[in-house]
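Heads up, the thing below is written out as C-alpha cells.
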Amino acid sequence: MPFPAELGSDVAAVWTNLLARVNAEQGVALERCNVTTVQGKGGVPHLVMAAHFGYGQGQTAVVGLCLPPPHSERTVRAVLLALASLQWSLTEHHHTALLQTARLLEVLGHVASQEGAHAAAQEWVNRTAVWARECLAGTPGENAGLGLALFEVRYGRPRWWVGSDTAWAQKAAPAVLEATEQASRAVASLDEVHAAGWCAVPALAQGRATAVLVVRQGEGGSSDEVLRVLRSSLSLVEPLLREWRLAERPLWHHGWDASVHAVRQLTRAEEHGHLRWKLGAAAALLSAVVLLAIPFDERVSAPLSIEGQTRQLATAPFDGFVAEVFARPGERVQRGQQLLALETRELKVEKAKHLSDHEQAAGKLRQAMAEHDAAAAALASAQVQQAQAQLDLIENKLARAVVLAPLDGLVVSGDWAQQIGAPLEVGKQLFEIAAVDRYRVALHVADSDIARVRPGQAGELRLAGSPHRSYPFRVSLVTATASVHEGANGFRVEADWQGPVPSLSPGMQGVGKVTVGRANLMTIWMRSSIDWLRMKWWTWWW
C-alpha cells in the first residue's frame, strides 16, 4: 500500500517500515517523521500510525494515519477508539453467526464429555432448551412453556428417549402420547410437522429418519430463529448420539446385525453391489480351505554358518613377540607354509651364552682328564651335559620360531598383520585353518523349535553372499550345546552339505530351513503363539 506522494519520500519510507511491523499480533505501530511536502514546506514532526484489523471471513486491512502536531496520548486513544468502532461496524453482521457457532461448539463439548449416550442426550436436550428459551425471551428462564423431547427411531417407529427438564417420563402420560404422535407423523412424512402447540423436526440419514426432536411450544409459539437453532443443533449432535447409542449395544447384538447384513447382501441379487459380497464370500471360503485343509511342509528357520569339515589350530610354541606375518584370514595355504615368525634375537643371545658355557665346560673336562682328576672330570662332564641340554632347548625353540600351516586349507581366523611386536604366550591360538574339500553346516536352532529337529531331516539354505540360490543339506547331529545368538537362546545343530559344493569360504553366514513335518497353514502360523499361550497359562494358573 503506497503512501500519498505529496507527503514526501520520508513519510513513504516510514510507512513501508510500519507495514512490515504491523500484523495480527501487533495491531498498532507508531513512528515519528518530519514531513517535507513537495511544495517545499515541511520540517514539522508528524506522527505516522498503522493499525491492523480484520472485518470478517478472514479479510484483513491496514489503516494508516499521519497526525500533525500537537500529539498527545488522548489523541492516540481517540484514534484507536475510532478504528475500533470502524472494525465493529464492519464485523457486526458476522457477530451473530459467530456467537451461534460458539454456542453450538460449547453444547457439543458438554455432550461429548458425558460418559454414556443417554446422559449425553439428556445434557444436549437440557442445554438446547435453555438456549431456545433465551432466544425467545431474551433472558434465561423467562419463557418456561417451551419444552423439548428427543425420540430415537428403531425399525421405523419413534421411541421416547429423553426430555428437557425431565429425568423420567411415564409413557402413558397424555403429553408423552401426543408428542409420540407428532414424532410418528414426522417419521412417516420425513419432514417437519407443525401442529397447534407442537413442532416435530426429524433427523435424516440415508433417506430414513433416525431421530425426532419434538418441540412443545409456549404461548407465543416458536420463532424462525428458534427453529433455526434447533435444526442446527440437532444436525450437529444427532450423528454423535446415534453412533454412541449403537456402540453401547451388547456384543451379541453387533454380531447379529453384522450377520444379518452379510446374509442379506449374499442372498439378494437385484443390486450390482451384492456381486462383490458373493465374490468376497467365495474368496473367504477358498482361503479357509487353503488355510485349514491343505497340508504344507512345516519348516524351522535358523541362522547358520559354514564350517570346514576338518579344522586345525596353529598356536604359539613358546613365549615371545611377533616378528613377521606371512598369512592373513581368507588366504589359502599349503601344509608346511610359513604363517608367522617370532622374534629370535634373545634366543640367539642365549644360544651364544650356552655355547660359551659348553666350550668352557668341555675345556675343564679335557684338563681334568689330562690331570687324571676323577672328581673334577665328573663335575666337568655334568656341566657339559647341562650346557648341551640348554643348547638343544634353544635350538628347538629356534627351529619352531616360524609357525607353519598344519594342513592344506583356508585361514579362517588370525589377523596378526597389525600386531607386529605384540607379546605372545605359549599355547595362544594364532591361526585357525579349515580344509576346503568338505564343508559342514552349523545351525543355531531356537530352543522353542529344537524338540522338532531330528537327525536325517532335510533342509535348504541360502547364503548372504548368494541369496538368489538355495542349497540342500541334511541334519546329521543335534547337540546339547546351548548358546546365545542375537539375544536368542538355542542349540547347535550340525548338517552335511548335499550335492555339489560351490565356491565357498568357511565362515559364510546365511539362513537355513529344516523340514520337520507337514501341517496346514493355520497351524504353522499359529504354533508359536499357541506355545506361548500354553506356557503363560501354565505359569499363571498351575
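Chain labels follow the order of the C-alpha cells: the first chain is A, the next B, and so on; residue numbering restarts at 1 in every chain, and ligands are counted from 1 in their shown order.
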Residues at most 10 Å from stretch 406-422 of chain A, counting only C-alpha atoms, excluding those fewer than 6 positions away in the same chain, as a ChimeraX atom specification? /A:307-308,310-314,320-340,342-343,429-437,505-507
DSSP says helix (DSSP H, G or I) for which residues of stretch 323-354 of chain A? Put them as a count of residues only? 10
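Excluding A:Arg245 and any residue on its chain fewer than 4 positions from it, the residues at most 9 Å away by only C-alpha atoms are Gly116, Ala117, His118, Leu240, Leu241 and Arg249 of chain A.
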Selection export as a PDB file, in the first residue's frame, atoms kept: C-alpha atoms:
```pdb
ATOM      1  CA  GLY A 116     -22.925 -42.541  28.090  1.00  0.00           C
ATOM      2  CA  ALA A 117     -25.316 -41.929  25.230  1.00  0.00           C
ATOM      3  CA  HIS A 118     -28.366 -41.387  27.491  1.00  0.00           C
ATOM      4  CA  LEU A 240     -22.753 -38.360  17.554  1.00  0.00           C
ATOM      5  CA  LEU A 241     -25.612 -39.555  19.748  1.00  0.00           C
ATOM      6  CA  ARG A 249     -25.326 -52.191  22.290  1.00  0.00           C
TER       7      ARG A 249
END
```
Nearest to A:Leu304, chosen from A:Leu347, A:Leu379, A:Val514, A:Leu398, with only C-alpha atoms counted in the distances: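 Residue with the minimum atom-to-atom distance to A:Leu304: A:Val514.
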The residue from A:Gly510, A:Leu104, A:Pro68, A:Asn396 with the smallest atom-to-atom distance to A:His468, counting only C-alpha atoms, is A:Gly510
Hey, what's within 12 Å of stretch 483-485 of chain A if we count only C-alpha atoms and toss same-chain stuff fewer than 4 positions away? As a PyMOL selection string, please? chain A and resi 302-305+443-447+479+489-493
Taking all heavy atoms for each residue, export the selection above as a short mmCIF file (atom, residue, chain, number, x, y, z; two decimals), in the first residue's frame.
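Final file, out_12.cif:
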```cif
data_model
loop_
_atom_site.label_atom_id
_atom_site.label_comp_id
_atom_site.auth_asym_id
_atom_site.auth_seq_id
_atom_site.Cartn_x
_atom_site.Cartn_y
_atom_site.Cartn_z
N ALA A 302 16.52 -71.08 10.97
CA ALA A 302 17.59 -70.85 11.93
C ALA A 302 18.77 -70.21 11.22
O ALA A 302 19.05 -70.54 10.05
CB ALA A 302 18.03 -72.17 12.59
N PRO A 303 19.48 -69.31 11.87
CA PRO A 303 20.72 -68.77 11.29
C PRO A 303 21.79 -69.84 11.26
O PRO A 303 21.81 -70.76 12.09
CB PRO A 303 21.08 -67.62 12.22
CG PRO A 303 20.44 -67.96 13.52
CD PRO A 303 19.18 -68.70 13.18
N LEU A 304 22.71 -69.74 10.29
CA LEU A 304 23.73 -70.77 10.14
C LEU A 304 25.04 -70.14 9.71
O LEU A 304 25.10 -68.97 9.29
CB LEU A 304 23.28 -71.83 9.12
CG LEU A 304 23.00 -71.36 7.69
CD1 LEU A 304 24.27 -71.31 6.83
CD2 LEU A 304 22.00 -72.27 7.02
N SER A 305 26.07 -70.93 9.79
CA SER A 305 27.39 -70.56 9.28
C SER A 305 28.04 -71.81 8.67
O SER A 305 27.73 -72.93 9.06
CB SER A 305 28.28 -70.00 10.41
OG SER A 305 28.47 -70.97 11.43
N LEU A 443 23.96 -74.87 12.39
CA LEU A 443 22.75 -74.07 12.59
C LEU A 443 22.56 -73.76 14.06
O LEU A 443 22.90 -74.58 14.93
CB LEU A 443 21.51 -74.79 12.05
CG LEU A 443 21.47 -75.12 10.56
CD1 LEU A 443 21.89 -76.58 10.35
CD2 LEU A 443 20.08 -74.88 9.99
N HIS A 444 21.99 -72.60 14.34
CA HIS A 444 21.63 -72.21 15.69
C HIS A 444 20.10 -72.24 15.79
O HIS A 444 19.41 -71.28 15.45
CB HIS A 444 22.17 -70.82 16.03
CG HIS A 444 21.90 -70.39 17.44
ND1 HIS A 444 20.78 -69.68 17.80
CD2 HIS A 444 22.61 -70.58 18.59
CE1 HIS A 444 20.81 -69.45 19.09
NE2 HIS A 444 21.91 -69.96 19.59
N VAL A 445 19.54 -73.37 16.26
CA VAL A 445 18.09 -73.57 16.32
C VAL A 445 17.59 -73.09 17.67
O VAL A 445 18.14 -73.44 18.72
CB VAL A 445 17.73 -75.05 16.09
CG1 VAL A 445 16.23 -75.25 16.16
CG2 VAL A 445 18.27 -75.52 14.75
N ALA A 446 16.53 -72.27 17.65
CA ALA A 446 15.96 -71.74 18.88
C ALA A 446 15.45 -72.88 19.76
O ALA A 446 15.00 -73.92 19.27
CB ALA A 446 14.83 -70.76 18.56
N ASP A 447 15.51 -72.67 21.08
CA ASP A 447 15.11 -73.74 22.00
C ASP A 447 13.62 -74.07 21.89
O ASP A 447 13.19 -75.16 22.24
CB ASP A 447 15.47 -73.36 23.44
CG ASP A 447 14.90 -72.00 23.83
OD1 ASP A 447 14.23 -71.38 22.98
OD2 ASP A 447 15.12 -71.57 24.97
N THR A 479 23.16 -81.41 18.85
CA THR A 479 23.99 -81.41 20.05
C THR A 479 23.23 -80.82 21.23
O THR A 479 22.17 -80.20 21.08
CB THR A 479 25.27 -80.59 19.80
OG1 THR A 479 24.92 -79.21 19.67
CG2 THR A 479 25.96 -81.06 18.54
N ASN A 489 18.26 -67.71 22.86
CA ASN A 489 18.90 -68.94 23.30
C ASN A 489 18.58 -70.07 22.32
O ASN A 489 17.45 -70.18 21.82
CB ASN A 489 18.42 -69.31 24.70
CG ASN A 489 19.17 -70.50 25.26
OD1 ASN A 489 20.39 -70.55 25.18
ND2 ASN A 489 18.46 -71.45 25.83
N GLY A 490 19.56 -70.92 22.04
CA GLY A 490 19.34 -72.01 21.10
C GLY A 490 20.41 -73.08 21.25
O GLY A 490 21.26 -73.03 22.15
N PHE A 491 20.34 -74.07 20.35
CA PHE A 491 21.25 -75.21 20.39
C PHE A 491 21.91 -75.37 19.03
O PHE A 491 21.35 -75.02 17.99
CB PHE A 491 20.49 -76.48 20.77
CG PHE A 491 19.97 -76.48 22.17
CD1 PHE A 491 18.75 -75.89 22.48
CD2 PHE A 491 20.72 -77.03 23.20
CE1 PHE A 491 18.26 -75.87 23.76
CE2 PHE A 491 20.24 -77.02 24.50
CZ PHE A 491 19.02 -76.44 24.78
N ARG A 492 23.11 -75.94 19.06
CA ARG A 492 23.88 -76.17 17.84
C ARG A 492 23.41 -77.44 17.16
O ARG A 492 23.31 -78.51 17.77
CB ARG A 492 25.37 -76.26 18.17
CG ARG A 492 26.26 -76.58 16.98
CD ARG A 492 27.70 -76.75 17.43
NE ARG A 492 28.55 -77.21 16.34
CZ ARG A 492 29.19 -76.41 15.50
NH1 ARG A 492 29.07 -75.10 15.63
NH2 ARG A 492 29.95 -76.90 14.54
N VAL A 493 23.09 -77.31 15.89
CA VAL A 493 22.69 -78.45 15.05
C VAL A 493 23.64 -78.49 13.86
O VAL A 493 23.83 -77.48 13.17
CB VAL A 493 21.23 -78.31 14.58
CG1 VAL A 493 20.86 -79.42 13.62
CG2 VAL A 493 20.29 -78.31 15.78
#
```
Between A:Ala401, A:Leu533, A:Leu251, A:Leu99, which residue has the minimum interatomic distance to A:Pro317, considering only C-alpha atoms? A:Ala401
DSSP strand (DSSP E) residues within stretch 132-314 of chain A, listed as a ChimeraX atom specification: /A:147-154,157-163,193-195,198-205,208-216,295-308,311-314
Neighbour list for A:Ala387 as a VMD selection string, cut-off 9 Å, only C-alpha atoms, skip fewer than 4 positions in-chain: chain A and resid 354 to 359 361 382 to 383 391 to 392
File dump, residues just selected, N, CA, C and O atoms, as a compact mmCIF listing (two decimals), in the first residue's frame:
```
# COMPACT_ATOMS: atom_id res chain seq x y z
N HIS A 354 75.04 -70.09 26.10
CA HIS A 354 75.15 -71.51 26.44
C HIS A 354 76.24 -72.20 25.63
O HIS A 354 76.85 -73.17 26.11
N LEU A 355 76.52 -71.71 24.42
CA LEU A 355 77.62 -72.29 23.64
C LEU A 355 78.96 -71.99 24.31
O LEU A 355 79.85 -72.86 24.38
N SER A 356 79.07 -70.76 24.85
CA SER A 356 80.31 -70.41 25.57
C SER A 356 80.44 -71.27 26.83
O SER A 356 81.55 -71.76 27.14
N ASP A 357 79.32 -71.46 27.53
CA ASP A 357 79.36 -72.29 28.74
C ASP A 357 79.73 -73.72 28.37
O ASP A 357 80.50 -74.40 29.11
N HIS A 358 79.24 -74.20 27.22
CA HIS A 358 79.56 -75.56 26.80
C HIS A 358 81.05 -75.70 26.48
O HIS A 358 81.70 -76.70 26.86
N GLU A 359 81.62 -74.71 25.82
CA GLU A 359 83.05 -74.78 25.49
C GLU A 359 83.90 -74.71 26.75
O GLU A 359 84.92 -75.42 26.86
N ALA A 361 82.99 -75.68 29.77
CA ALA A 361 82.86 -76.95 30.48
C ALA A 361 83.65 -78.04 29.76
O ALA A 361 84.25 -78.92 30.42
N ALA A 382 79.28 -83.23 33.92
CA ALA A 382 77.91 -82.82 34.20
C ALA A 382 77.62 -81.42 33.66
O ALA A 382 76.54 -81.14 33.11
N GLN A 383 78.62 -80.51 33.78
CA GLN A 383 78.45 -79.16 33.25
C GLN A 383 78.33 -79.18 31.73
O GLN A 383 77.54 -78.40 31.16
N LEU A 391 71.60 -75.87 25.07
CA LEU A 391 71.77 -75.60 23.64
C LEU A 391 70.69 -76.31 22.82
O LEU A 391 70.14 -75.74 21.87
N ASP A 392 70.40 -77.55 23.19
CA ASP A 392 69.36 -78.29 22.46
C ASP A 392 67.99 -77.60 22.60
O ASP A 392 67.22 -77.54 21.63
```
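By chain and then residue number, the residues within 6 Å of A:Leu148 are A:Gly163, A:Ser164, A:Val214, A:Val215, counting only C-alpha atoms and disregarding those fewer than 6 positions away in sequence.
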If you keep all heavy atoms, can you produce a file of those selected residues as a PDB file, in the first residue's frame?
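Final file, again-v6.pdb:
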```
ATOM      1  N   GLY A 163     -36.201 -36.100  27.684  1.00  0.00           N
ATOM      2  CA  GLY A 163     -36.940 -34.849  27.593  1.00  0.00           C
ATOM      3  C   GLY A 163     -36.275 -33.786  28.428  1.00  0.00           C
ATOM      4  O   GLY A 163     -35.588 -34.074  29.415  1.00  0.00           O
ATOM      5  N   SER A 164     -36.467 -32.523  28.027  1.00  0.00           N
ATOM      6  CA  SER A 164     -35.838 -31.423  28.761  1.00  0.00           C
ATOM      7  C   SER A 164     -36.490 -31.282  30.130  1.00  0.00           C
ATOM      8  O   SER A 164     -37.721 -31.421  30.293  1.00  0.00           O
ATOM      9  CB  SER A 164     -35.992 -30.123  27.966  1.00  0.00           C
ATOM     10  OG  SER A 164     -37.348 -29.804  27.779  1.00  0.00           O
ATOM     11  N   VAL A 214     -39.078 -33.283  19.181  1.00  0.00           N
ATOM     12  CA  VAL A 214     -40.426 -32.735  19.301  1.00  0.00           C
ATOM     13  C   VAL A 214     -40.367 -31.530  20.225  1.00  0.00           C
ATOM     14  O   VAL A 214     -39.861 -31.615  21.362  1.00  0.00           O
ATOM     15  CB  VAL A 214     -41.404 -33.802  19.837  1.00  0.00           C
ATOM     16  CG1 VAL A 214     -42.789 -33.195  20.023  1.00  0.00           C
ATOM     17  CG2 VAL A 214     -41.459 -34.984  18.890  1.00  0.00           C
ATOM     18  N   VAL A 215     -40.906 -30.398  19.727  1.00  0.00           N
ATOM     19  CA  VAL A 215     -40.875 -29.138  20.465  1.00  0.00           C
ATOM     20  C   VAL A 215     -42.284 -28.830  20.951  1.00  0.00           C
ATOM     21  O   VAL A 215     -43.225 -28.747  20.150  1.00  0.00           O
ATOM     22  CB  VAL A 215     -40.358 -27.990  19.570  1.00  0.00           C
ATOM     23  CG1 VAL A 215     -40.227 -26.701  20.372  1.00  0.00           C
ATOM     24  CG2 VAL A 215     -39.035 -28.369  18.924  1.00  0.00           C
TER      25      VAL A 215
END
```
For A:Phe318, work out the shell of residues within 8 Å, counting only C-alpha atoms and skipping chain neighbours fewer than 6 positions away, then give it as a list of chain:residue names.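 Listing them by chain and then by number gives A:Lys397, A:Leu424, A:Glu425, A:Val426, A:Gly427.
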Any chance you could export the current selection's N, CA and C atoms as a compact mmCIF listing (two decimals), in the first residue's frame?
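Dumped to result05.txt:
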```txt
# COMPACT_ATOMS: atom_id res chain seq x y z
N LYS A 397 63.71 -74.24 20.11
CA LYS A 397 62.90 -73.03 20.01
C LYS A 397 63.17 -72.28 18.72
N LEU A 424 53.27 -62.75 22.97
CA LEU A 424 52.54 -64.00 22.85
C LEU A 424 52.89 -64.90 24.01
N GLU A 425 51.87 -65.67 24.46
CA GLU A 425 52.08 -66.66 25.49
C GLU A 425 52.08 -68.03 24.85
N VAL A 426 52.77 -68.94 25.45
CA VAL A 426 52.84 -70.29 24.91
C VAL A 426 51.43 -70.90 24.87
N GLY A 427 51.06 -71.48 23.76
CA GLY A 427 49.76 -72.10 23.59
C GLY A 427 48.68 -71.16 23.08
```
Point-to-point distance in Å for atom CA of A:Ala78 and atom CA of A:Arg32: 18.0 Å
